[in-house]
Each structure stands twice: as C-alpha cells, then as structure tokens.
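Undergrad: Take this structure first; my questions come after.
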Amino acid sequence: MQSAWTLLSWGPQGWLDDIAYGVFITVSLALATLPVGLVIGFLVALAKNSDEPSLRLAGNIYTTIFRGLPELLTLFIIFFGVQIALQKLVQLVDPTATVNVNAFVSGIIALALVFSSYSSEVFLSAFKAIPKGQYEGGYSIGLTGGQTMRLVVLPQLIRIALPGLSNLWLILLKDTALVSAIGLPDIIRQAYIASRVTQEAFLFFGLATLIYLVLAIISSFGIGVVERSVNQQDARR
C-alpha cells in the first residue's frame, strides 16, 4: 500500500495534480457564477422594488421558484432538461443530430439562478434601507434617474448589502460541490475518484475538507479587505 505522502504527491503515482485541477474548477466556477448572479439578483431586486405590479409579481415568482427548489434539482433541470429540450428542437430539423450541454456552463447557469434569488433579497433589503430623500435629493440637483442610481444610491446600496452578499459568496463556494453530480471534475469529484481507486476515503475527503476551509479563510480575508475599502470610500464622501 502506498504511503499518504506518495498519494498526495505530484506526478503519476500521486493525486495532488488531480486535486489541484479540481480546486481550479471549483474556484473558476464560483468566480464565473458570482457576477452573473449579482447582476440578475440586482435586476430582480429592482423589479421587486418597482411601482409596477407586474414587475413585482414577476420578481416574487422568480425568487419563490429558485429559493424553493433544491439546488441539486435546479442543476439537474438545467443540465438534463435543457439538453432534452434542445435535442427535441434540433431533431425537428435533423432527426440524426445530437446535442450535448456543457457541464461547466450548466453549473454557472444553475448556481447563478439560485444565487441571484437569494442576492435579490439582500439587494431589496438594502434598497428599503435607503431613505426616499436620497432619491429626491438627486433629482433636486438635476440628476437623471440613472445618474441618481449610479452616483447616489448604488454606493450606499453596496455598503449596506455587502455583509449579506459576503455570506452568499461563502454559500456559493460550497454549493459548487453539487456539480460533481453532473461529472464536472471539481474538488469533491476528484477526491471521490482518488478515494475509490486508492481505498483511502478518509485521506482524500479529509484533504477536500481542508481545501474548502482554506478557501473559506482566504475568502474571509478578501471580504474584509473589500469591506474596509468600501467603508473608507464612504467615509471620504
């Protein structure tokens, strides 16, 4: 039986290169999902904060669906459901054609839908925390609606929403583990393959645990830097 140091080495006898690739996939997936989820969440929050009833209804339906469905089910619907739907559409033109949906893109879409449904609530709470007088003050000095949002409301919104969004980032980082269910070689899947081949489940899943903890600690430091930067900019204003 190989020693733990051999199993955790680089090269053909070790698994560290495979685990490192899994870390790359996990971090890349989380970083790619974050801006998509933030943009969709912000737009949904705008809809839910709108005076238009149809927009508020659409926003509420969106958040109800994707906060109510299990994340894994959402991932399966995007990966398998969209693939089946596209397959049927393509076969209307060419019965022999096949469609394969990219697992990484499916992971981004599914995680972004879930992330945005929760981030929209954070943004909505931040919108409600900003006094109406801030909007009126912007209009009174001749700013347009877009300028008021960009120059007056958005800086305050970011500062208020940042703690909640920071927690959602850590949740997103952990939720990336779900993509192992559709074959994407993330940390969990690489650890699972290594444990099956070597019969050293405790070693590799223990290593996966440490990696996630390290990523969480690094994220916490990064979040702290961002929060201090935002607070300093707010103080200068």
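We label chains A, B, ... in the order they appear in the structure tokens, count residues from 1 in each chain, and number ligands from 1 in the order shown.
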Residues near range 126-143 of chain A, anyone? I mean within 9 Å using only C-alpha atoms, not counting same-chain ones fewer than 6 positions away, as a VMD selection string.
TA: chain A and resid 45 to 46 49 149 151 to 153 156 to 161
Undergrad: Residues near Val27 in chain A, anyone? I mean within 9 Å using only C-alpha atoms, not counting same-chain ones fewer than 2 positions away, as a list in words.
TA: Gly22, Val23, Phe24, Ile25, Leu29, Ala30, Leu31, Ala32, Leu173, Thr176, Asp186 and Leu215 of chain A
Undergrad: How would the residues just picked look written out with C-alpha atoms as an mmCIF file, in the first residue's frame?
TA:
```cif
data_model
loop_
_atom_site.group_PDB
_atom_site.id
_atom_site.type_symbol
_atom_site.label_atom_id
_atom_site.label_comp_id
_atom_site.auth_asym_id
_atom_site.auth_seq_id
_atom_site.Cartn_x
_atom_site.Cartn_y
_atom_site.Cartn_z
ATOM 1 C CA GLY A 22 -10.412 20.193 -9.014
ATOM 2 C CA VAL A 23 -9.576 23.314 -6.975
ATOM 3 C CA PHE A 24 -9.114 25.252 -10.221
ATOM 4 C CA ILE A 25 -12.528 24.109 -11.498
ATOM 5 C CA LEU A 29 -16.932 28.074 -11.370
ATOM 6 C CA ALA A 30 -17.591 30.203 -8.283
ATOM 7 C CA LEU A 31 -15.864 33.275 -9.756
ATOM 8 C CA ALA A 32 -17.711 32.894 -13.071
ATOM 9 C CA LEU A 173 -18.338 28.387 -2.843
ATOM 10 C CA THR A 176 -20.094 24.317 -6.304
ATOM 11 C CA ASP A 186 -14.379 19.693 -9.024
ATOM 12 C CA LEU A 215 -10.795 28.702 0.554
#
```
Undergrad: Using only C-alpha atoms, which of A:Phe80, A:Phe123, A:Phe66, A:Trp10 sits nearest Ala47 in chain A?
TA: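 Smallest separation from Ala47 in chain A among the options: A:Phe123.
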Undergrad: In Å, rounded to a single decimal, give me how far CA of Glu71 in chain A is from CA of Ala194 in chain A.
TA: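 That distance, rounded to one decimal, is 25.5 Å.
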Undergrad: Have a look at A:Ile108, A:Leu75, A:Leu113, A:Leu7 and name the one nearest to Ala201 in chain A; count only C-alpha atoms.
TA: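 For Ala201 in chain A, the nearest of the given residues is A:Leu7.
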Undergrad: Which residue, A:Val225, A:Ile78, A:Ala85, A:Leu154, has the smallest gap to Gly107 in chain A when you use only C-alpha atoms?
TA: A:Ile78
Undergrad: Give me, as a list of chain:residue names, all polymer residues having an atom no more than 9 Å from Phe42 in chain A, counting only C-alpha atoms and skipping those fewer than 5 positions away in the same chain.
TA: A:Gly37, A:Ala47, A:Ser116, A:Ser119, A:Ser120, A:Phe123, A:Leu124
Undergrad: State, in Å with one decimal place, the distance from CA of Trp169 in chain A to CA of Gln147 in chain A.
TA: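 Here the two named atoms are 28.3 Å from each other.
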Undergrad: Figure out the distance between CA of Leu111 in chain A and CA of Arg67 in chain A, please, to one decimal in Å.
TA: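 The value is 11.4 Å.
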Undergrad: Show me, as an MDAnalysis selection string, the residues that have an atom within 9 Å of Ile77 in chain A when counting only C-alpha atoms, minus same-chain residues fewer than 5 positions from it.
TA: chainID A and resid 72 82 110
Undergrad: What's around Ala216 in chain A at 8 Å? Count only C-alpha atoms, leave out sequence neighbours fewer than 4 positions away in its own chain, and write the answer as a list in words.
TA: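 Listed by chain and then number, they are Leu170, Tyr212 and Ser220 of chain A.
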Undergrad: Extract the full set of alpha helix (DSSP H) residues from range 83-231 of chain A according to DSSP on the backbone, and format it as an mmCIF file with N, CA and C atoms, in the first residue's frame.
TA:
```
data_model
loop_
_atom_site.group_PDB
_atom_site.id
_atom_site.type_symbol
_atom_site.label_atom_id
_atom_site.label_comp_id
_atom_site.auth_asym_id
_atom_site.auth_seq_id
_atom_site.Cartn_x
_atom_site.Cartn_y
_atom_site.Cartn_z
ATOM 1 N N GLN A 83 -30.946 20.059 -22.071
ATOM 2 C CA GLN A 83 -30.371 19.195 -23.104
ATOM 3 C C GLN A 83 -31.455 18.437 -23.853
ATOM 4 N N ILE A 84 -32.433 17.923 -23.127
ATOM 5 C CA ILE A 84 -33.531 17.190 -23.764
ATOM 6 C C ILE A 84 -34.364 18.121 -24.635
ATOM 7 N N ALA A 85 -34.647 19.336 -24.124
ATOM 8 C CA ALA A 85 -35.445 20.298 -24.886
ATOM 9 C C ALA A 85 -34.736 20.701 -26.171
ATOM 10 N N LEU A 86 -33.431 20.995 -26.075
ATOM 11 C CA LEU A 86 -32.677 21.360 -27.267
ATOM 12 C C LEU A 86 -32.585 20.196 -28.251
ATOM 13 N N GLN A 87 -32.451 18.998 -27.713
ATOM 14 C CA GLN A 87 -32.380 17.806 -28.566
ATOM 15 C C GLN A 87 -33.650 17.669 -29.402
ATOM 16 N N LYS A 88 -34.796 17.867 -28.770
ATOM 17 C CA LYS A 88 -36.067 17.736 -29.481
ATOM 18 C C LYS A 88 -36.226 18.836 -30.534
ATOM 19 N N LEU A 89 -35.781 20.059 -30.201
ATOM 20 C CA LEU A 89 -35.883 21.147 -31.162
ATOM 21 C C LEU A 89 -34.982 20.898 -32.371
ATOM 22 N N VAL A 90 -33.753 20.466 -32.107
ATOM 23 C CA VAL A 90 -32.807 20.218 -33.204
ATOM 24 C C VAL A 90 -33.280 19.073 -34.082
ATOM 25 N N GLN A 91 -33.872 18.058 -33.468
ATOM 26 C CA GLN A 91 -34.322 16.894 -34.236
ATOM 27 C C GLN A 91 -35.521 17.209 -35.129
ATOM 28 N N LEU A 92 -36.183 18.322 -34.900
ATOM 29 C CA LEU A 92 -37.235 18.749 -35.826
ATOM 30 C C LEU A 92 -36.647 19.100 -37.182
ATOM 31 N N VAL A 93 -35.393 19.558 -37.163
ATOM 32 C CA VAL A 93 -34.698 19.909 -38.403
ATOM 33 C C VAL A 93 -33.874 18.735 -38.919
ATOM 34 N N ALA A 103 -21.156 20.932 -19.153
ATOM 35 C CA ALA A 103 -21.417 20.827 -17.711
ATOM 36 C C ALA A 103 -21.001 22.091 -16.963
ATOM 37 N N PHE A 104 -19.900 22.710 -17.376
ATOM 38 C CA PHE A 104 -19.429 23.920 -16.698
ATOM 39 C C PHE A 104 -20.422 25.059 -16.887
ATOM 40 N N VAL A 105 -20.894 25.241 -18.116
ATOM 41 C CA VAL A 105 -21.874 26.297 -18.387
ATOM 42 C C VAL A 105 -23.176 26.014 -17.649
ATOM 43 N N SER A 106 -23.592 24.753 -17.629
ATOM 44 C CA SER A 106 -24.805 24.390 -16.894
ATOM 45 C C SER A 106 -24.655 24.700 -15.415
ATOM 46 N N GLY A 107 -23.479 24.434 -14.872
ATOM 47 C CA GLY A 107 -23.228 24.749 -13.468
ATOM 48 C C GLY A 107 -23.323 26.236 -13.196
ATOM 49 N N ILE A 108 -22.754 27.048 -14.085
ATOM 50 C CA ILE A 108 -22.832 28.504 -13.919
ATOM 51 C C ILE A 108 -24.285 28.970 -13.925
ATOM 52 N N ILE A 109 -25.055 28.487 -14.904
ATOM 53 C CA ILE A 109 -26.450 28.919 -15.022
ATOM 54 C C ILE A 109 -27.258 28.515 -13.794
ATOM 55 N N ALA A 110 -27.142 27.253 -13.386
ATOM 56 C CA ALA A 110 -27.932 26.765 -12.261
ATOM 57 C C ALA A 110 -27.549 27.479 -10.966
ATOM 58 N N LEU A 111 -26.264 27.590 -10.690
ATOM 59 C CA LEU A 111 -25.829 28.252 -9.467
ATOM 60 C C LEU A 111 -26.158 29.741 -9.501
ATOM 61 N N ALA A 112 -26.087 30.373 -10.682
ATOM 62 C CA ALA A 112 -26.424 31.788 -10.789
ATOM 63 C C ALA A 112 -27.907 32.028 -10.522
ATOM 64 N N LEU A 113 -28.751 31.118 -10.971
ATOM 65 C CA LEU A 113 -30.187 31.257 -10.710
ATOM 66 C C LEU A 113 -30.478 31.192 -9.214
ATOM 67 N N VAL A 114 -29.850 30.243 -8.547
ATOM 68 C CA VAL A 114 -30.059 30.104 -7.105
ATOM 69 C C VAL A 114 -29.451 31.296 -6.365
ATOM 70 N N PHE A 115 -28.211 31.636 -6.712
ATOM 71 C CA PHE A 115 -27.527 32.742 -6.045
ATOM 72 C C PHE A 115 -28.294 34.049 -6.223
ATOM 73 N N SER A 116 -28.788 34.296 -7.446
ATOM 74 C CA SER A 116 -29.488 35.547 -7.709
ATOM 75 C C SER A 116 -30.803 35.645 -6.944
ATOM 76 N N SER A 117 -31.468 34.512 -6.735
ATOM 77 C CA SER A 117 -32.730 34.553 -5.991
ATOM 78 C C SER A 117 -32.511 34.980 -4.552
ATOM 79 N N TYR A 118 -31.393 34.581 -3.967
ATOM 80 C CA TYR A 118 -31.076 34.998 -2.595
ATOM 81 C C TYR A 118 -30.467 36.395 -2.568
ATOM 82 N N SER A 119 -29.593 36.699 -3.517
ATOM 83 C CA SER A 119 -28.970 38.024 -3.522
ATOM 84 C C SER A 119 -29.997 39.112 -3.791
ATOM 85 N N SER A 120 -31.053 38.791 -4.533
ATOM 86 C CA SER A 120 -32.096 39.790 -4.788
ATOM 87 C C SER A 120 -32.755 40.234 -3.489
ATOM 88 N N GLU A 121 -32.901 39.313 -2.540
ATOM 89 C CA GLU A 121 -33.482 39.681 -1.251
ATOM 90 C C GLU A 121 -32.536 40.578 -0.461
ATOM 91 N N VAL A 122 -31.233 40.327 -0.579
ATOM 92 C CA VAL A 122 -30.248 41.188 0.086
ATOM 93 C C VAL A 122 -30.291 42.587 -0.516
ATOM 94 N N PHE A 123 -30.319 42.657 -1.843
ATOM 95 C CA PHE A 123 -30.395 43.959 -2.510
ATOM 96 C C PHE A 123 -31.705 44.675 -2.170
ATOM 97 N N LEU A 124 -32.800 43.924 -2.122
ATOM 98 C CA LEU A 124 -34.102 44.530 -1.819
ATOM 99 C C LEU A 124 -34.106 45.138 -0.422
ATOM 100 N N SER A 125 -33.529 44.421 0.543
ATOM 101 C CA SER A 125 -33.437 44.956 1.904
ATOM 102 C C SER A 125 -32.577 46.218 1.928
ATOM 103 N N ALA A 126 -31.503 46.219 1.129
ATOM 104 C CA ALA A 126 -30.642 47.401 1.056
ATOM 105 C C ALA A 126 -31.388 48.580 0.430
ATOM 106 N N PHE A 127 -32.182 48.316 -0.606
ATOM 107 C CA PHE A 127 -32.982 49.378 -1.219
ATOM 108 C C PHE A 127 -33.925 50.006 -0.185
ATOM 109 N N LYS A 128 -34.562 49.165 0.604
ATOM 110 C CA LYS A 128 -35.524 49.663 1.585
ATOM 111 C C LYS A 128 -34.856 50.421 2.724
ATOM 112 N N ALA A 129 -33.553 50.166 2.923
ATOM 113 C CA ALA A 129 -32.825 50.851 3.992
ATOM 114 C C ALA A 129 -32.370 52.249 3.576
ATOM 115 N N LYS A 132 -35.999 57.625 1.078
ATOM 116 C CA LYS A 132 -36.508 58.193 -0.171
ATOM 117 C C LYS A 132 -35.914 59.571 -0.443
ATOM 118 N N GLY A 133 -35.519 60.244 0.628
ATOM 119 C CA GLY A 133 -34.930 61.569 0.460
ATOM 120 C C GLY A 133 -33.653 61.552 -0.356
ATOM 121 N N GLN A 134 -32.940 60.411 -0.371
ATOM 122 C CA GLN A 134 -31.723 60.299 -1.175
ATOM 123 C C GLN A 134 -32.048 60.406 -2.661
ATOM 124 N N TYR A 135 -33.145 59.784 -3.070
ATOM 125 C CA TYR A 135 -33.575 59.882 -4.459
ATOM 126 C C TYR A 135 -34.007 61.309 -4.780
ATOM 127 N N GLU A 136 -34.812 61.873 -3.874
ATOM 128 C CA GLU A 136 -35.330 63.222 -4.100
ATOM 129 C C GLU A 136 -34.197 64.247 -4.139
ATOM 130 N N GLY A 137 -33.169 64.041 -3.304
ATOM 131 C CA GLY A 137 -32.025 64.943 -3.306
ATOM 132 C C GLY A 137 -31.290 64.908 -4.635
ATOM 133 N N GLY A 138 -31.151 63.686 -5.198
ATOM 134 C CA GLY A 138 -30.501 63.569 -6.502
ATOM 135 C C GLY A 138 -31.286 64.264 -7.595
ATOM 136 N N TYR A 139 -32.607 64.096 -7.578
ATOM 137 C CA TYR A 139 -33.438 64.747 -8.589
ATOM 138 C C TYR A 139 -33.405 66.268 -8.437
ATOM 139 N N SER A 140 -33.342 66.724 -7.190
ATOM 140 C CA SER A 140 -33.409 68.164 -6.934
ATOM 141 C C SER A 140 -32.181 68.914 -7.455
ATOM 142 N N GLY A 145 -32.660 59.858 -13.455
ATOM 143 C CA GLY A 145 -32.893 58.657 -12.670
ATOM 144 C C GLY A 145 -31.690 57.728 -12.663
ATOM 145 N N GLY A 146 -31.068 57.556 -13.837
ATOM 146 C CA GLY A 146 -29.888 56.693 -13.932
ATOM 147 C C GLY A 146 -28.704 57.251 -13.180
ATOM 148 N N GLN A 147 -28.505 58.563 -13.267
ATOM 149 C CA GLN A 147 -27.397 59.192 -12.539
ATOM 150 C C GLN A 147 -27.604 59.119 -11.041
ATOM 151 N N THR A 148 -28.843 59.297 -10.603
ATOM 152 C CA THR A 148 -29.142 59.194 -9.176
ATOM 153 C C THR A 148 -28.853 57.788 -8.664
ATOM 154 N N LEU A 154 -26.375 53.673 -5.549
ATOM 155 C CA LEU A 154 -25.557 52.469 -5.677
ATOM 156 C C LEU A 154 -24.415 52.389 -4.663
ATOM 157 N N PRO A 155 -23.661 53.483 -4.410
ATOM 158 C CA PRO A 155 -22.608 53.389 -3.382
ATOM 159 C C PRO A 155 -23.143 53.008 -2.001
ATOM 160 N N GLN A 156 -24.298 53.554 -1.631
ATOM 161 C CA GLN A 156 -24.902 53.191 -0.343
ATOM 162 C C GLN A 156 -25.426 51.758 -0.365
ATOM 163 N N LEU A 157 -25.972 51.378 -1.505
ATOM 164 C CA LEU A 157 -26.525 50.030 -1.645
ATOM 165 C C LEU A 157 -25.447 48.975 -1.453
ATOM 166 N N ILE A 158 -24.284 49.196 -2.067
ATOM 167 C CA ILE A 158 -23.179 48.236 -1.959
ATOM 168 C C ILE A 158 -22.730 48.098 -0.507
ATOM 169 N N ARG A 159 -22.594 49.232 0.170
ATOM 170 C CA ARG A 159 -22.139 49.200 1.564
ATOM 171 C C ARG A 159 -23.125 48.445 2.457
ATOM 172 N N ILE A 160 -24.412 48.672 2.241
ATOM 173 C CA ILE A 160 -25.427 48.017 3.076
ATOM 174 C C ILE A 160 -25.542 46.529 2.752
ATOM 175 N N ALA A 161 -25.448 46.200 1.454
ATOM 176 C CA ALA A 161 -25.669 44.814 1.028
ATOM 177 C C ALA A 161 -24.443 43.928 1.198
ATOM 178 N N LEU A 162 -23.265 44.528 1.361
ATOM 179 C CA LEU A 162 -22.024 43.761 1.338
ATOM 180 C C LEU A 162 -21.960 42.631 2.367
ATOM 181 N N PRO A 163 -22.343 42.846 3.632
ATOM 182 C CA PRO A 163 -22.288 41.719 4.590
ATOM 183 C C PRO A 163 -23.141 40.524 4.169
ATOM 184 N N GLY A 164 -24.341 40.799 3.680
ATOM 185 C CA GLY A 164 -25.205 39.702 3.234
ATOM 186 C C GLY A 164 -24.667 39.007 2.007
ATOM 187 N N LEU A 165 -24.124 39.782 1.074
ATOM 188 C CA LEU A 165 -23.553 39.192 -0.133
ATOM 189 C C LEU A 165 -22.300 38.384 0.185
ATOM 190 N N SER A 166 -21.550 38.801 1.199
ATOM 191 C CA SER A 166 -20.356 38.058 1.609
ATOM 192 C C SER A 166 -20.731 36.662 2.089
ATOM 193 N N ASN A 167 -21.805 36.569 2.855
ATOM 194 C CA ASN A 167 -22.264 35.253 3.311
ATOM 195 C C ASN A 167 -22.717 34.394 2.136
ATOM 196 N N LEU A 168 -23.391 35.023 1.172
ATOM 197 C CA LEU A 168 -23.852 34.271 0.000
ATOM 198 C C LEU A 168 -22.686 33.764 -0.836
ATOM 199 N N TRP A 169 -21.575 34.524 -0.875
ATOM 200 C CA TRP A 169 -20.390 34.055 -1.598
ATOM 201 C C TRP A 169 -19.851 32.775 -0.974
ATOM 202 N N LEU A 170 -19.803 32.721 0.348
ATOM 203 C CA LEU A 170 -19.309 31.509 1.008
ATOM 204 C C LEU A 170 -20.243 30.330 0.753
ATOM 205 N N ILE A 171 -21.536 30.606 0.722
ATOM 206 C CA ILE A 171 -22.504 29.543 0.400
ATOM 207 C C ILE A 171 -22.316 29.078 -1.042
ATOM 208 N N LEU A 172 -22.109 30.029 -1.946
ATOM 209 C CA LEU A 172 -21.870 29.682 -3.358
ATOM 210 C C LEU A 172 -20.635 28.810 -3.510
ATOM 211 N N LEU A 173 -19.583 29.150 -2.770
ATOM 212 C CA LEU A 173 -18.338 28.387 -2.843
ATOM 213 C C LEU A 173 -18.578 26.928 -2.458
ATOM 214 N N LYS A 174 -19.408 26.713 -1.448
ATOM 215 C CA LYS A 174 -19.721 25.338 -1.028
ATOM 216 C C LYS A 174 -20.676 24.655 -2.004
ATOM 217 N N ASP A 175 -21.612 25.429 -2.566
ATOM 218 C CA ASP A 175 -22.589 24.835 -3.485
ATOM 219 C C ASP A 175 -21.958 24.345 -4.781
ATOM 220 N N ILE A 187 -13.484 19.667 -6.763
ATOM 221 C CA ILE A 187 -12.745 19.102 -5.628
ATOM 222 C C ILE A 187 -13.372 17.789 -5.164
ATOM 223 N N ILE A 188 -14.672 17.797 -4.986
ATOM 224 C CA ILE A 188 -15.362 16.611 -4.446
ATOM 225 C C ILE A 188 -15.248 15.426 -5.386
ATOM 226 N N ARG A 189 -15.450 15.663 -6.678
ATOM 227 C CA ARG A 189 -15.387 14.544 -7.623
ATOM 228 C C ARG A 189 -13.973 13.977 -7.710
ATOM 229 N N GLN A 190 -12.975 14.845 -7.729
ATOM 230 C CA GLN A 190 -11.596 14.371 -7.794
ATOM 231 C C GLN A 190 -11.231 13.606 -6.528
ATOM 232 N N ALA A 191 -11.707 14.085 -5.381
ATOM 233 C CA ALA A 191 -11.442 13.367 -4.124
ATOM 234 C C ALA A 191 -12.152 12.020 -4.119
ATOM 235 N N TYR A 192 -13.370 11.990 -4.671
ATOM 236 C CA TYR A 192 -14.125 10.729 -4.728
ATOM 237 C C TYR A 192 -13.421 9.703 -5.622
ATOM 238 N N ILE A 193 -12.966 10.135 -6.791
ATOM 239 C CA ILE A 193 -12.264 9.226 -7.702
ATOM 240 C C ILE A 193 -10.996 8.698 -7.046
ATOM 241 N N ALA A 194 -10.228 9.596 -6.427
ATOM 242 C CA ALA A 194 -8.993 9.177 -5.767
ATOM 243 C C ALA A 194 -9.267 8.195 -4.637
ATOM 244 N N SER A 195 -10.336 8.434 -3.876
ATOM 245 C CA SER A 195 -10.649 7.536 -2.760
ATOM 246 C C SER A 195 -11.109 6.170 -3.243
ATOM 247 N N ARG A 196 -11.828 6.133 -4.365
ATOM 248 C CA ARG A 196 -12.281 4.856 -4.909
ATOM 249 C C ARG A 196 -11.109 4.036 -5.433
ATOM 250 N N VAL A 197 -10.176 4.696 -6.102
ATOM 251 C CA VAL A 197 -9.042 3.985 -6.688
ATOM 252 C C VAL A 197 -8.080 3.501 -5.613
ATOM 253 N N THR A 198 -7.822 4.328 -4.624
ATOM 254 C CA THR A 198 -6.807 4.013 -3.608
ATOM 255 C C THR A 198 -7.372 3.378 -2.347
ATOM 256 N N ALA A 201 -10.481 6.724 1.545
ATOM 257 C CA ALA A 201 -11.537 7.735 1.565
ATOM 258 C C ALA A 201 -11.271 8.817 2.608
ATOM 259 N N PHE A 202 -10.841 8.417 3.798
ATOM 260 C CA PHE A 202 -10.613 9.397 4.867
ATOM 261 C C PHE A 202 -9.526 10.398 4.474
ATOM 262 N N LEU A 203 -8.494 9.918 3.824
ATOM 263 C CA LEU A 203 -7.382 10.784 3.434
ATOM 264 C C LEU A 203 -7.838 11.847 2.441
ATOM 265 N N PHE A 204 -8.521 11.424 1.391
ATOM 266 C CA PHE A 204 -8.844 12.365 0.329
ATOM 267 C C PHE A 204 -10.038 13.256 0.676
ATOM 268 N N PHE A 205 -11.018 12.709 1.369
ATOM 269 C CA PHE A 205 -12.116 13.587 1.780
ATOM 270 C C PHE A 205 -11.677 14.513 2.918
ATOM 271 N N GLY A 206 -10.729 14.060 3.716
ATOM 272 C CA GLY A 206 -10.134 14.950 4.711
ATOM 273 C C GLY A 206 -9.379 16.088 4.046
ATOM 274 N N LEU A 207 -8.658 15.764 2.967
ATOM 275 C CA LEU A 207 -7.945 16.791 2.216
ATOM 276 C C LEU A 207 -8.933 17.775 1.593
ATOM 277 N N ALA A 208 -10.047 17.261 1.055
ATOM 278 C CA ALA A 208 -11.073 18.136 0.481
ATOM 279 C C ALA A 208 -11.635 19.077 1.551
ATOM 280 N N THR A 209 -11.820 18.544 2.755
ATOM 281 C CA THR A 209 -12.312 19.378 3.863
ATOM 282 C C THR A 209 -11.353 20.526 4.153
ATOM 283 N N LEU A 210 -10.076 20.215 4.211
ATOM 284 C CA LEU A 210 -9.071 21.248 4.483
ATOM 285 C C LEU A 210 -9.038 22.292 3.363
ATOM 286 N N ILE A 211 -9.194 21.841 2.131
ATOM 287 C CA ILE A 211 -9.153 22.777 0.997
ATOM 288 C C ILE A 211 -10.319 23.755 1.079
ATOM 289 N N TYR A 212 -11.525 23.236 1.361
ATOM 290 C CA TYR A 212 -12.679 24.128 1.482
ATOM 291 C C TYR A 212 -12.510 25.109 2.637
ATOM 292 N N LEU A 213 -11.938 24.657 3.734
ATOM 293 C CA LEU A 213 -11.702 25.555 4.870
ATOM 294 C C LEU A 213 -10.693 26.637 4.500
ATOM 295 N N VAL A 214 -9.642 26.263 3.772
ATOM 296 C CA VAL A 214 -8.645 27.246 3.335
ATOM 297 C C VAL A 214 -9.279 28.266 2.396
ATOM 298 N N LEU A 215 -10.109 27.787 1.465
ATOM 299 C CA LEU A 215 -10.795 28.702 0.554
ATOM 300 C C LEU A 215 -11.708 29.654 1.311
ATOM 301 N N ALA A 216 -12.383 29.137 2.346
ATOM 302 C CA ALA A 216 -13.258 29.988 3.158
ATOM 303 C C ALA A 216 -12.455 31.042 3.920
ATOM 304 N N ILE A 217 -11.297 30.643 4.447
ATOM 305 C CA ILE A 217 -10.454 31.590 5.188
ATOM 306 C C ILE A 217 -9.918 32.674 4.249
ATOM 307 N N ILE A 218 -9.447 32.263 3.069
ATOM 308 C CA ILE A 218 -8.957 33.238 2.090
ATOM 309 C C ILE A 218 -10.085 34.190 1.690
ATOM 310 N N SER A 219 -11.273 33.625 1.495
ATOM 311 C CA SER A 219 -12.422 34.461 1.138
ATOM 312 C C SER A 219 -12.740 35.463 2.239
ATOM 313 N N SER A 220 -12.649 35.021 3.486
ATOM 314 C CA SER A 220 -12.935 35.912 4.615
ATOM 315 C C SER A 220 -11.955 37.080 4.649
ATOM 316 N N PHE A 221 -10.682 36.798 4.415
ATOM 317 C CA PHE A 221 -9.689 37.874 4.359
ATOM 318 C C PHE A 221 -9.997 38.824 3.197
ATOM 319 N N GLY A 222 -10.327 38.255 2.047
ATOM 320 C CA GLY A 222 -10.651 39.087 0.884
ATOM 321 C C GLY A 222 -11.879 39.948 1.124
ATOM 322 N N ILE A 223 -12.893 39.359 1.754
ATOM 323 C CA ILE A 223 -14.112 40.104 2.065
ATOM 324 C C ILE A 223 -13.806 41.249 3.034
ATOM 325 N N GLY A 224 -12.938 40.983 4.007
ATOM 326 C CA GLY A 224 -12.551 42.016 4.956
ATOM 327 C C GLY A 224 -11.873 43.192 4.271
ATOM 328 N N VAL A 225 -11.007 42.900 3.299
ATOM 329 C CA VAL A 225 -10.330 43.958 2.546
ATOM 330 C C VAL A 225 -11.345 44.790 1.759
ATOM 331 N N VAL A 226 -12.291 44.116 1.119
ATOM 332 C CA VAL A 226 -13.312 44.824 0.341
ATOM 333 C C VAL A 226 -14.172 45.700 1.250
ATOM 334 N N GLU A 227 -14.580 45.173 2.397
ATOM 335 C CA GLU A 227 -15.413 45.936 3.326
ATOM 336 C C GLU A 227 -14.681 47.170 3.837
ATOM 337 N N ARG A 228 -13.400 47.027 4.167
ATOM 338 C CA ARG A 228 -12.632 48.192 4.633
ATOM 339 C C ARG A 228 -12.495 49.235 3.527
ATOM 340 N N SER A 229 -12.284 48.766 2.299
ATOM 341 C CA SER A 229 -12.159 49.685 1.178
ATOM 342 C C SER A 229 -13.454 50.453 0.946
ATOM 343 N N VAL A 230 -14.576 49.734 1.003
ATOM 344 C CA VAL A 230 -15.882 50.389 0.801
ATOM 345 C C VAL A 230 -16.153 51.389 1.921
ATOM 346 N N ASN A 231 -15.845 51.022 3.162
ATOM 347 C CA ASN A 231 -16.076 51.932 4.287
ATOM 348 C C ASN A 231 -15.195 53.176 4.192
#
```
